[in-house]
Structure formats: C-alpha cells, structure tokens
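What follows is the content of entry.csv (CSV, C-alpha atoms).
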chain,number,residue,atom,x,y,z
A,1,MET,CA,-34.8,-41.8,31.4
A,2,GLU,CA,-32.8,-42.1,34.6
A,3,PRO,CA,-32.7,-38.8,36.5
A,4,VAL,CA,-29.3,-37.1,37.0
A,5,LEU,CA,-30.0,-36.0,40.5
A,6,LYS,CA,-32.3,-37.5,43.2
A,7,VAL,CA,-33.1,-35.7,46.4
A,8,GLU,CA,-34.5,-38.3,48.9
A,9,SER,CA,-36.3,-37.3,52.1
A,10,VAL,CA,-33.8,-34.5,52.8
A,11,SER,CA,-34.1,-32.5,56.1
A,12,LYS,CA,-31.8,-30.0,57.6
A,13,VAL,CA,-31.8,-28.8,61.2
A,14,PHE,CA,-29.6,-26.1,62.6
A,15,HIS,CA,-29.2,-25.2,66.3
A,16,ASP,CA,-29.0,-21.8,67.7
A,17,ARG,CA,-26.5,-20.8,70.5
A,18,VAL,CA,-29.0,-21.8,73.3
A,19,GLY,CA,-29.7,-25.2,71.7
A,20,ASN,CA,-33.0,-24.5,70.0
A,21,ASP,CA,-33.7,-26.5,66.8
A,22,ILE,CA,-34.2,-24.4,63.7
A,23,ILE,CA,-35.7,-26.6,60.9
A,24,ALA,CA,-34.6,-25.2,57.6
A,25,ILE,CA,-35.7,-28.1,55.3
A,26,GLU,CA,-38.2,-30.8,56.0
A,27,ASP,CA,-38.5,-34.1,54.1
A,28,LEU,CA,-37.8,-32.8,50.6
A,29,THR,CA,-38.0,-35.3,47.7
A,30,PHE,CA,-37.6,-34.6,44.0
A,31,GLU,CA,-35.6,-35.5,40.9
A,32,VAL,CA,-33.8,-33.6,38.2
A,33,ALA,CA,-33.7,-34.8,34.6
A,34,GLU,CA,-30.8,-34.7,32.2
A,35,GLY,CA,-30.6,-31.3,30.6
A,36,GLU,CA,-33.4,-29.8,32.7
A,37,LEU,CA,-33.4,-26.3,34.1
A,38,LEU,CA,-35.1,-26.7,37.4
A,39,VAL,CA,-36.0,-23.5,39.4
A,40,LEU,CA,-36.5,-23.4,43.1
A,41,LEU,CA,-38.7,-20.5,44.0
A,42,GLY,CA,-39.5,-19.5,47.6
A,43,PRO,CA,-39.5,-16.6,50.1
A,44,SER,CA,-36.3,-15.3,51.6
A,45,GLY,CA,-35.0,-17.5,54.4
A,46,CYS,CA,-37.0,-20.5,53.4
A,47,GLY,CA,-34.0,-22.9,52.9
A,48,LYS,CA,-33.4,-22.6,49.1
A,49,THR,CA,-29.7,-21.8,49.5
A,50,THR,CA,-29.3,-24.4,52.2
A,51,LEU,CA,-30.6,-27.0,49.9
A,52,LEU,CA,-28.3,-25.9,47.1
A,53,ARG,CA,-25.3,-26.0,49.5
A,54,ILE,CA,-26.2,-29.6,50.4
A,55,VAL,CA,-26.4,-30.6,46.8
A,56,ALA,CA,-23.0,-28.9,46.3
A,57,GLY,CA,-21.5,-30.8,49.3
A,58,LEU,CA,-20.9,-27.6,51.3
A,59,GLU,CA,-23.5,-28.6,53.9
A,60,THR,CA,-24.6,-32.0,55.1
A,61,ALA,CA,-28.2,-33.1,55.4
A,62,THR,CA,-29.5,-34.0,58.9
A,63,ASN,CA,-31.7,-36.7,57.4
A,64,GLY,CA,-32.1,-38.2,53.9
A,65,ARG,CA,-29.6,-38.3,51.0
A,66,ILE,CA,-28.8,-36.8,47.6
A,67,LEU,CA,-27.7,-39.0,44.7
A,68,LEU,CA,-25.8,-37.8,41.6
A,69,ASP,CA,-25.8,-40.4,38.9
A,70,ASN,CA,-26.9,-42.9,41.6
A,71,LYS,CA,-23.9,-42.1,43.8
A,72,GLU,CA,-24.5,-40.5,47.2
A,73,ILE,CA,-23.0,-37.0,47.6
A,74,LYS,CA,-20.6,-37.0,50.5
A,75,GLY,CA,-18.8,-33.6,49.9
A,76,PRO,CA,-17.8,-31.1,47.2
A,77,GLY,CA,-16.8,-32.5,43.8
A,78,ARG,CA,-15.9,-31.2,40.3
A,79,GLU,CA,-19.0,-32.7,38.8
A,80,ARG,CA,-21.0,-29.9,40.6
A,81,GLY,CA,-20.2,-26.3,39.7
A,82,MET,CA,-21.7,-23.5,41.8
A,83,VAL,CA,-22.3,-19.8,40.9
A,84,PHE,CA,-23.0,-17.7,43.9
A,85,GLN,CA,-25.0,-14.5,44.3
A,86,HIS,CA,-22.0,-12.5,45.1
A,87,TYR,CA,-19.3,-12.3,42.4
A,88,SER,CA,-16.6,-14.9,43.1
A,89,SER,CA,-13.9,-14.3,40.6
A,90,PHE,CA,-10.2,-13.8,41.4
A,91,PRO,CA,-9.5,-10.0,41.3
A,92,TRP,CA,-5.7,-10.5,40.7
A,93,LEU,CA,-6.4,-12.5,37.5
A,94,THR,CA,-7.7,-11.3,34.1
A,95,VAL,CA,-10.9,-12.6,32.6
A,96,SER,CA,-9.0,-15.2,30.5
A,97,GLU,CA,-6.9,-16.3,33.5
A,98,ASN,CA,-10.0,-16.6,35.7
A,99,ILE,CA,-11.6,-19.0,33.2
A,100,LYS,CA,-8.4,-21.0,32.6
A,101,PHE,CA,-8.0,-21.4,36.4
A,102,GLY,CA,-10.8,-24.0,36.5
A,103,LEU,CA,-9.2,-26.0,33.6
A,104,LYS,CA,-6.5,-27.2,36.0
A,105,TYR,CA,-9.1,-29.7,37.3
A,106,ARG,CA,-10.0,-31.1,33.9
A,107,PRO,CA,-7.7,-33.9,33.0
A,108,ASP,CA,-9.2,-34.0,29.5
A,109,ILE,CA,-7.8,-30.5,28.7
A,110,LYS,CA,-4.1,-30.2,27.9
A,111,LYS,CA,-2.4,-27.0,29.0
A,112,GLU,CA,-1.8,-25.8,25.5
A,113,GLU,CA,-5.5,-26.1,24.8
A,114,GLY,CA,-6.4,-23.7,27.6
A,115,ASP,CA,-6.4,-20.5,25.5
A,116,LYS,CA,-8.8,-22.0,23.0
A,117,VAL,CA,-11.2,-23.3,25.6
A,118,ALA,CA,-11.2,-20.0,27.5
A,119,GLU,CA,-11.8,-18.1,24.2
A,120,TYR,CA,-14.8,-20.4,23.5
A,121,PHE,CA,-16.5,-19.7,26.9
A,122,ILE,CA,-15.6,-16.0,26.8
A,123,ASP,CA,-17.4,-15.7,23.5
A,124,LEU,CA,-20.3,-17.8,24.8
A,125,VAL,CA,-21.1,-15.3,27.6
A,126,GLY,CA,-20.5,-12.2,25.4
A,127,LEU,CA,-17.2,-11.0,26.8
A,128,HIS,CA,-15.2,-10.9,23.6
A,129,GLY,CA,-12.7,-8.0,23.7
A,130,PHE,CA,-12.4,-8.1,27.5
A,131,GLU,CA,-10.0,-11.2,27.7
A,132,GLU,CA,-7.2,-9.2,29.3
A,133,SER,CA,-9.3,-7.0,31.6
A,134,TYR,CA,-9.1,-7.4,35.3
A,135,ILE,CA,-12.3,-8.0,37.3
A,136,SER,CA,-12.2,-4.6,38.9
A,137,GLN,CA,-12.5,-3.1,35.4
A,138,LEU,CA,-15.8,-4.8,34.7
A,139,SER,CA,-19.4,-3.9,35.6
A,140,GLY,CA,-21.3,-6.2,38.0
A,141,GLY,CA,-23.1,-7.9,35.2
A,142,MET,CA,-19.8,-8.6,33.4
A,143,GLN,CA,-18.2,-9.9,36.6
A,144,GLN,CA,-21.1,-12.4,37.0
A,145,ARG,CA,-20.6,-13.5,33.3
A,146,VAL,CA,-17.0,-14.3,34.2
A,147,SER,CA,-18.2,-16.5,37.1
A,148,ILE,CA,-20.6,-18.3,34.9
A,149,ALA,CA,-18.0,-18.8,32.1
A,150,ARG,CA,-15.4,-20.1,34.6
A,151,THR,CA,-17.9,-22.6,36.1
A,152,LEU,CA,-19.1,-23.8,32.7
A,153,ALA,CA,-15.4,-24.2,31.6
A,154,THR,CA,-14.9,-26.8,34.3
A,155,ASP,CA,-17.6,-28.9,32.6
A,156,PRO,CA,-19.6,-29.8,35.6
A,157,ARG,CA,-22.3,-32.5,35.4
A,158,ILE,CA,-24.7,-30.2,37.0
A,159,LEU,CA,-24.7,-26.4,37.4
A,160,LEU,CA,-26.0,-24.9,40.7
A,161,MET,CA,-26.9,-21.2,40.7
A,162,ASP,CA,-27.8,-19.3,43.9
A,163,GLU,CA,-29.7,-16.1,42.9
A,164,PRO,CA,-26.8,-15.2,40.6
A,165,PHE,CA,-28.6,-12.2,39.1
A,166,GLY,CA,-30.1,-10.9,42.3
A,167,ALA,CA,-27.9,-7.8,42.7
A,168,LEU,CA,-28.2,-6.7,39.1
A,169,ASP,CA,-30.4,-4.0,37.5
A,170,THR,CA,-33.3,-5.0,35.3
A,171,GLN,CA,-31.5,-4.6,32.0
A,172,ASN,CA,-28.4,-6.6,33.0
A,173,ARG,CA,-30.6,-9.2,34.7
A,174,GLU,CA,-32.7,-9.8,31.6
A,175,PHE,CA,-29.6,-9.9,29.4
A,176,LEU,CA,-28.0,-12.5,31.5
A,177,GLN,CA,-31.2,-14.5,31.7
A,178,LEU,CA,-31.1,-14.8,27.9
A,179,GLN,CA,-27.4,-15.6,27.9
A,180,LEU,CA,-27.9,-18.3,30.5
A,181,LEU,CA,-30.7,-20.0,28.4
A,182,GLU,CA,-28.5,-19.8,25.3
A,183,ALA,CA,-25.5,-21.2,27.2
A,184,GLN,CA,-27.6,-24.0,28.5
A,185,THR,CA,-28.8,-24.9,25.1
A,186,VAL,CA,-25.3,-24.9,23.6
A,187,ALA,CA,-23.5,-26.6,26.5
A,188,LYS,CA,-26.5,-29.0,27.2
A,189,LYS,CA,-26.2,-28.5,31.0
A,190,THR,CA,-28.5,-29.6,33.8
A,191,ILE,CA,-29.1,-26.6,36.0
A,192,ILE,CA,-30.7,-26.0,39.4
A,193,PHE,CA,-31.5,-22.3,39.7
A,194,VAL,CA,-32.5,-20.6,43.0
A,195,THR,CA,-34.5,-17.3,43.0
A,196,HIS,CA,-37.3,-15.5,44.8
A,197,ASP,CA,-38.2,-13.5,41.7
A,198,VAL,CA,-41.4,-14.9,40.2
A,199,GLU,CA,-40.9,-13.5,36.6
A,200,GLU,CA,-37.3,-14.8,36.5
A,201,ALA,CA,-38.5,-18.2,37.7
A,202,ILE,CA,-41.2,-18.6,35.0
A,203,PHE,CA,-39.0,-17.2,32.3
A,204,LEU,CA,-36.1,-19.6,32.9
A,205,ALA,CA,-37.7,-22.8,34.1
A,206,ASP,CA,-38.5,-26.0,32.4
A,207,ARG,CA,-40.0,-27.0,35.7
A,208,LEU,CA,-40.7,-25.0,38.8
A,209,LEU,CA,-40.7,-26.1,42.4
A,210,ILE,CA,-42.5,-23.6,44.7
A,211,LEU,CA,-41.2,-23.9,48.3
A,212,THR,CA,-43.1,-23.1,51.5
A,213,ALA,CA,-41.9,-20.7,54.2
A,214,ARG,CA,-39.4,-22.3,56.6
A,215,PRO,CA,-39.1,-25.2,56.9
A,216,ALA,CA,-38.9,-25.7,53.2
A,217,LYS,CA,-41.3,-28.2,51.7
A,218,ILE,CA,-42.6,-28.5,48.1
A,219,LYS,CA,-45.9,-26.5,48.0
A,220,LYS,CA,-46.5,-26.8,44.2
A,221,GLU,CA,-44.7,-28.3,41.2
A,222,LEU,CA,-45.3,-26.6,37.8
A,223,THR,CA,-44.1,-27.6,34.3
A,224,ILE,CA,-43.5,-24.4,32.3
A,225,SER,CA,-44.5,-25.1,28.7
A,226,LEU,CA,-43.5,-21.7,27.2
A,227,PRO,CA,-42.0,-22.3,23.8
A,228,LYS,CA,-38.2,-22.2,23.2
A,229,PRO,CA,-36.1,-20.3,22.5
A,230,ARG,CA,-37.6,-17.9,25.0
A,231,THR,CA,-37.7,-14.1,24.3
A,232,LEU,CA,-38.2,-11.1,26.5
A,233,GLU,CA,-41.4,-10.4,24.6
A,234,MET,CA,-42.9,-13.5,26.2
A,235,LYS,CA,-43.0,-11.8,29.6
A,236,THR,CA,-45.9,-9.6,28.4
A,237,SER,CA,-47.9,-12.5,26.7
A,238,ALA,CA,-51.2,-13.7,28.0
A,239,GLU,CA,-49.8,-17.2,28.8
A,240,PHE,CA,-46.9,-15.7,30.8
A,241,MET,CA,-49.3,-13.4,32.8
A,242,ASP,CA,-51.6,-16.3,33.5
A,243,LEU,CA,-48.6,-18.3,34.9
A,244,LYS,CA,-47.5,-15.3,36.9
A,245,ARG,CA,-50.9,-15.0,38.6
A,246,GLU,CA,-51.0,-18.7,39.4
A,247,VAL,CA,-47.5,-18.7,40.9
A,248,LEU,CA,-48.1,-15.5,42.9
A,249,SER,CA,-51.3,-17.1,44.4
A,250,TYR,CA,-48.9,-19.6,46.1
A,251,THR,CA,-45.9,-17.4,46.8
A,252,ARG,CA,-47.8,-14.5,48.5
A,253,LYS,CA,-49.2,-16.8,51.1
A,254,GLU,CA,-45.7,-18.2,51.9
A,255,ALA,CA,-44.2,-14.7,52.0
A,256,GLN,CA,-46.8,-13.7,54.6
A,257,LYS,CA,-45.9,-16.8,56.7
A,258,THR,CA,-42.2,-15.8,56.5
A,259,ASP,CA,-43.1,-12.3,57.7
A,260,MET,CA,-44.9,-13.8,60.7
A,261,LEU,CA,-41.9,-16.1,61.5
A,262,TRP,CA,-39.6,-13.1,61.6
A,263,ARG,CA,-41.8,-11.1,64.1
A,264,LYS,CA,-42.3,-12.1,67.7
A,265,THR,CA,-45.8,-10.6,67.6
A,266,PRO,CA,-48.0,-9.8,64.6
A,267,VAL,CA,-48.2,-6.1,63.5
A,268,GLN,CA,-51.4,-4.5,64.8
A,269,PRO,CA,-52.2,-1.7,62.2
A,270,GLU,CA,-54.2,0.5,64.7
A,271,LYS,CA,-51.5,0.3,67.4
A,272,PHE,CA,-48.7,0.9,64.8
A,273,ARG,CA,-50.5,4.0,63.4
A,274,ASP,CA,-51.1,5.4,66.9
A,275,GLU,CA,-47.5,4.9,68.0
A,276,HIS,CA,-46.3,6.4,64.7
A,277,LYS,CA,-48.5,9.5,65.2
A,278,PHE,CA,-47.1,9.9,68.7
A,279,SER,CA,-43.5,9.7,67.4
A,280,MET,CA,-44.2,12.2,64.7
A,281,ARG,CA,-45.7,14.7,67.3
A,282,ARG,CA,-42.8,14.2,69.6
A,283,HIS,CA,-40.3,15.2,66.9
A,284,LYS,CA,-42.1,18.3,65.6
Is it possible to give me this structure as structure tokens?
Amino acid sequence: MEPVLKVESVSKVFHDRVGNDIIAIEDLTFEVAEGELLVLLGPSGCGKTTLLRIVAGLETATNGRILLDNKEIKGPGRERGMVFQHYSSFPWLTVSENIKFGLKYRPDIKKEEGDKVAEYFIDLVGLHGFEESYISQLSGGMQQRVSIARTLATDPRILLMDEPFGALDTQNREFLQLQLLEAQTVAKKTIIFVTHDVEEAIFLADRLLILTARPAKIKKELTISLPKPRTLEMKTSAEFMDLKREVLSYTRKEAQKTDMLWRKTPVQPEKFRDEHKFSMRRHK
C-alpha cells in the first residue's frame, strides 16, 4: 500500500541572534500508512513540534522534503488539520459555531448541512448538551474536545496533534485518549501524535518512533501490537508493562542527554550539596 505521508531526509537548522547554528532535526526519514496512528516520542526540546510544524506547512525544512499523497508540501493546506497543546477555539463563538467555522472550507458541505455535520462531531467527542455553550463556560478537557471536533469536521487527510492532552489532569487525559481512539476508528483518520509521555505513547500508537535528544533522529521504531479496541485496563497488563520498560530504556538516556544540553556544565553532586548547605546556614 502506498504511504499517505513520506518524510525524506528532513533536517532543520535554526540560527540564534549571534549566528550560531542550532540543529533541531537531522536527516529524518520515515513513512506514515493510511489510517495509521503514528506517535512521535522524545524528550522536551528534541524537535518533535518542529517536525510537526514542517508537516503542517508552518515551518520549512532546511534540507529534505515531505510528500503528502506524493505531492511535496510547500505550505499550509486544508488536507492537514492541526490540534495544538494550547486550546485554540474561538472564545466569541459557541461550541456549535466553532465546529461549523471549519466547514466554510469544505466545498462538499452545503450551508444548510452545517448543523447536521456539527451535531455529528459534537456527539462523536461527547459534548452533546453543550452545543450552545461558550468556550469560557467549558473545562479544559471539554475545550480540547471542541478543538478536536472542529479539526475533524474539516475532514483533513491527516490529523496532526501536538501534545494535545499535556495540560490535562490524569482523568481527563485518559478519557480523551479513549475518545481519540474511538474517533479515529469511526472517522478512519491518519494521525501523527506528538508526546513525551511514555504511557500515552504506548496506549495510543499503532507504531512508535522514539526520537533522540536534539538534534532529533530516530533512535528506535516499535510496532505496538496491543489488541484493539484498547481499554484503560491494558495499562496494568504484563504486556503493557514490558513495553513500558523497553521504551523507558531508550527514553531515559535521551532525557539525560537533553539535561546535559541545557546545562553549560554538568551538575557535580558534592559541590551542589556543599553550596546548598552554605546557603541554608546563611539564611538561618
């Protein structure tokens, strides 16, 4: 089967204000299959979001190219829908109006069909009864469901999700994970999902790409063969815990490298302890 998306030797270099090169991504190559939920997992600051923005057409690659249905991505397009970590709905519109907003860009949907389409996606993400509520009247988890419903309603070829549940508490996070999997099954969407949460990555993924510390490269590719539909009980199963241990064996090393990148000099435990004791004595 021909892949939906091809990432070919993509690199991205930024420049700081004094002209130093900051290599965010280095020579990344992978493909995404039709209907696949691909998760990108890596430490904070490794280039996951940058890569997603390049796929979305919001950034340009320094080298390499990305093909969607064998056409090179040159900029933003309706065939790619993005859900951001921070809630991005229009506060002056109701839930229903937010979802119908995206329908303007669907030539296959007539104006009089908008209410019916909005109702379908509102029900899909579990917001029935809140159609006429304003965004400020909703909890954080509900606001993110509006964002997901609005993006799905535009019928993108591929859905890009940048840590969309990162700011939520555990209960809301798990609830939305289940809703996303259900929505993907019903809408038959191809999804690229970015996270730094290991459990979330394993639970959602059909396939998992573990990225290195900056510059981002693929450290390990894993196919997640947990049965579907997935349930929260799976998170305590022996198979899930084995996967978690394997993934953590890769991610912990990369997290340590990231910590070193962010420090000019490594932390010296003895020196830190002595200085901390001095500081405590001084403030007694």
Closest atom pairs, residues of region 178-241 of chain A within 12 Å of region 136-147 of chain A, all atoms listed in the file, as a tab-separated table:
residue	atom	partner	partner_atom	distance
A:Leu178	CA	A:Arg145	CA	11.9
A:Gln179	CA	A:Arg145	CA	8.9
A:Leu180	CA	A:Arg145	CA	9.2
A:Ala183	CA	A:Arg145	CA	11.0
Using the selection just defined, write its residues with C-alpha atoms as a PDB file, in the coordinates of the input.
ATOM      1  CA  LEU A 178     -31.100 -14.800  27.900  1.00  0.00           C
ATOM      2  CA  GLN A 179     -27.400 -15.600  27.900  1.00  0.00           C
ATOM      3  CA  LEU A 180     -27.900 -18.300  30.500  1.00  0.00           C
ATOM      4  CA  ALA A 183     -25.500 -21.200  27.200  1.00  0.00           C
TER       5      ALA A 183
END
Surrounding residues of Val7 (chain A) excluding itself and chain neighbours under 3 positions, 7 Å, only C-alpha atoms, as a VMD selection string = chain A and resid 10 28 to 31 65 to 67
Taking into account all atoms listed in the file, which residue in the set A:Ile99, A:Val194, A:Ala56, A:Val125 is nearest to Glu163 (chain A)?
-> A:Val194
Please provide as a CSV table (one decimal) with C-alpha atoms, in the frame of the given file all residues within 12 Å of Leu38 (chain A), with the sequence filter that same-chain residues fewer than 3 positions apart are discarded (counting all atoms listed in the file).
chain,number,residue,atom,x,y,z
A,4,VAL,CA,-29.3,-37.1,37.0
A,5,LEU,CA,-30.0,-36.0,40.5
A,30,PHE,CA,-37.6,-34.6,44.0
A,31,GLU,CA,-35.6,-35.5,40.9
A,32,VAL,CA,-33.8,-33.6,38.2
A,33,ALA,CA,-33.7,-34.8,34.6
A,34,GLU,CA,-30.8,-34.7,32.2
A,35,GLY,CA,-30.6,-31.3,30.6
A,41,LEU,CA,-38.7,-20.5,44.0
A,52,LEU,CA,-28.3,-25.9,47.1
A,158,ILE,CA,-24.7,-30.2,37.0
A,159,LEU,CA,-24.7,-26.4,37.4
A,160,LEU,CA,-26.0,-24.9,40.7
A,161,MET,CA,-26.9,-21.2,40.7
A,184,GLN,CA,-27.6,-24.0,28.5
A,189,LYS,CA,-26.2,-28.5,31.0
A,190,THR,CA,-28.5,-29.6,33.8
A,191,ILE,CA,-29.1,-26.6,36.0
A,192,ILE,CA,-30.7,-26.0,39.4
A,193,PHE,CA,-31.5,-22.3,39.7
A,194,VAL,CA,-32.5,-20.6,43.0
A,195,THR,CA,-34.5,-17.3,43.0
A,201,ALA,CA,-38.5,-18.2,37.7
A,202,ILE,CA,-41.2,-18.6,35.0
A,203,PHE,CA,-39.0,-17.2,32.3
A,204,LEU,CA,-36.1,-19.6,32.9
A,205,ALA,CA,-37.7,-22.8,34.1
A,206,ASP,CA,-38.5,-26.0,32.4
A,207,ARG,CA,-40.0,-27.0,35.7
A,208,LEU,CA,-40.7,-25.0,38.8
A,209,LEU,CA,-40.7,-26.1,42.4
A,210,ILE,CA,-42.5,-23.6,44.7
A,221,GLU,CA,-44.7,-28.3,41.2
A,222,LEU,CA,-45.3,-26.6,37.8
A,223,THR,CA,-44.1,-27.6,34.3
A,224,ILE,CA,-43.5,-24.4,32.3
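Take CA of Glu239 (chain A) and CA of Leu226 (chain A): the distance between them is 7.9 Å.
Of note, CA of Thr251 (chain A) and CA of Arg80 (chain A) are spaced 28.5 Å apart.
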Excluding Glu174 (chain A) and any residue of its chain fewer than 4 positions from it, enumerate the residues within 9 Å of it, using only C-alpha atoms, and give them as a ChimeraX atom specification.
-> /A:165,169-170,178-179,200,232
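Among the candidates A:Ser44, A:Trp92, A:Gln171, A:Ala153, the residue lying nearest to His196 (chain A) is A:Ser44 (atoms considered: all atoms listed in the file).
With all atoms listed in the file as the basis for measurement, A:Asn70 is the residue among A:Thr185, A:Ser89, A:Thr50, A:Asn70 that approaches Glu2 (chain A) most closely.
Taking CA of Gly42 (chain A) and CA of Ala216 (chain A) as the two end points, the separation is 8.4 Å.
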If you count all atoms listed in the file, the residue of A:Ile122, A:Leu37, A:Leu168, A:Phe101 closest to Gln85 (chain A) turns out to be A:Leu168
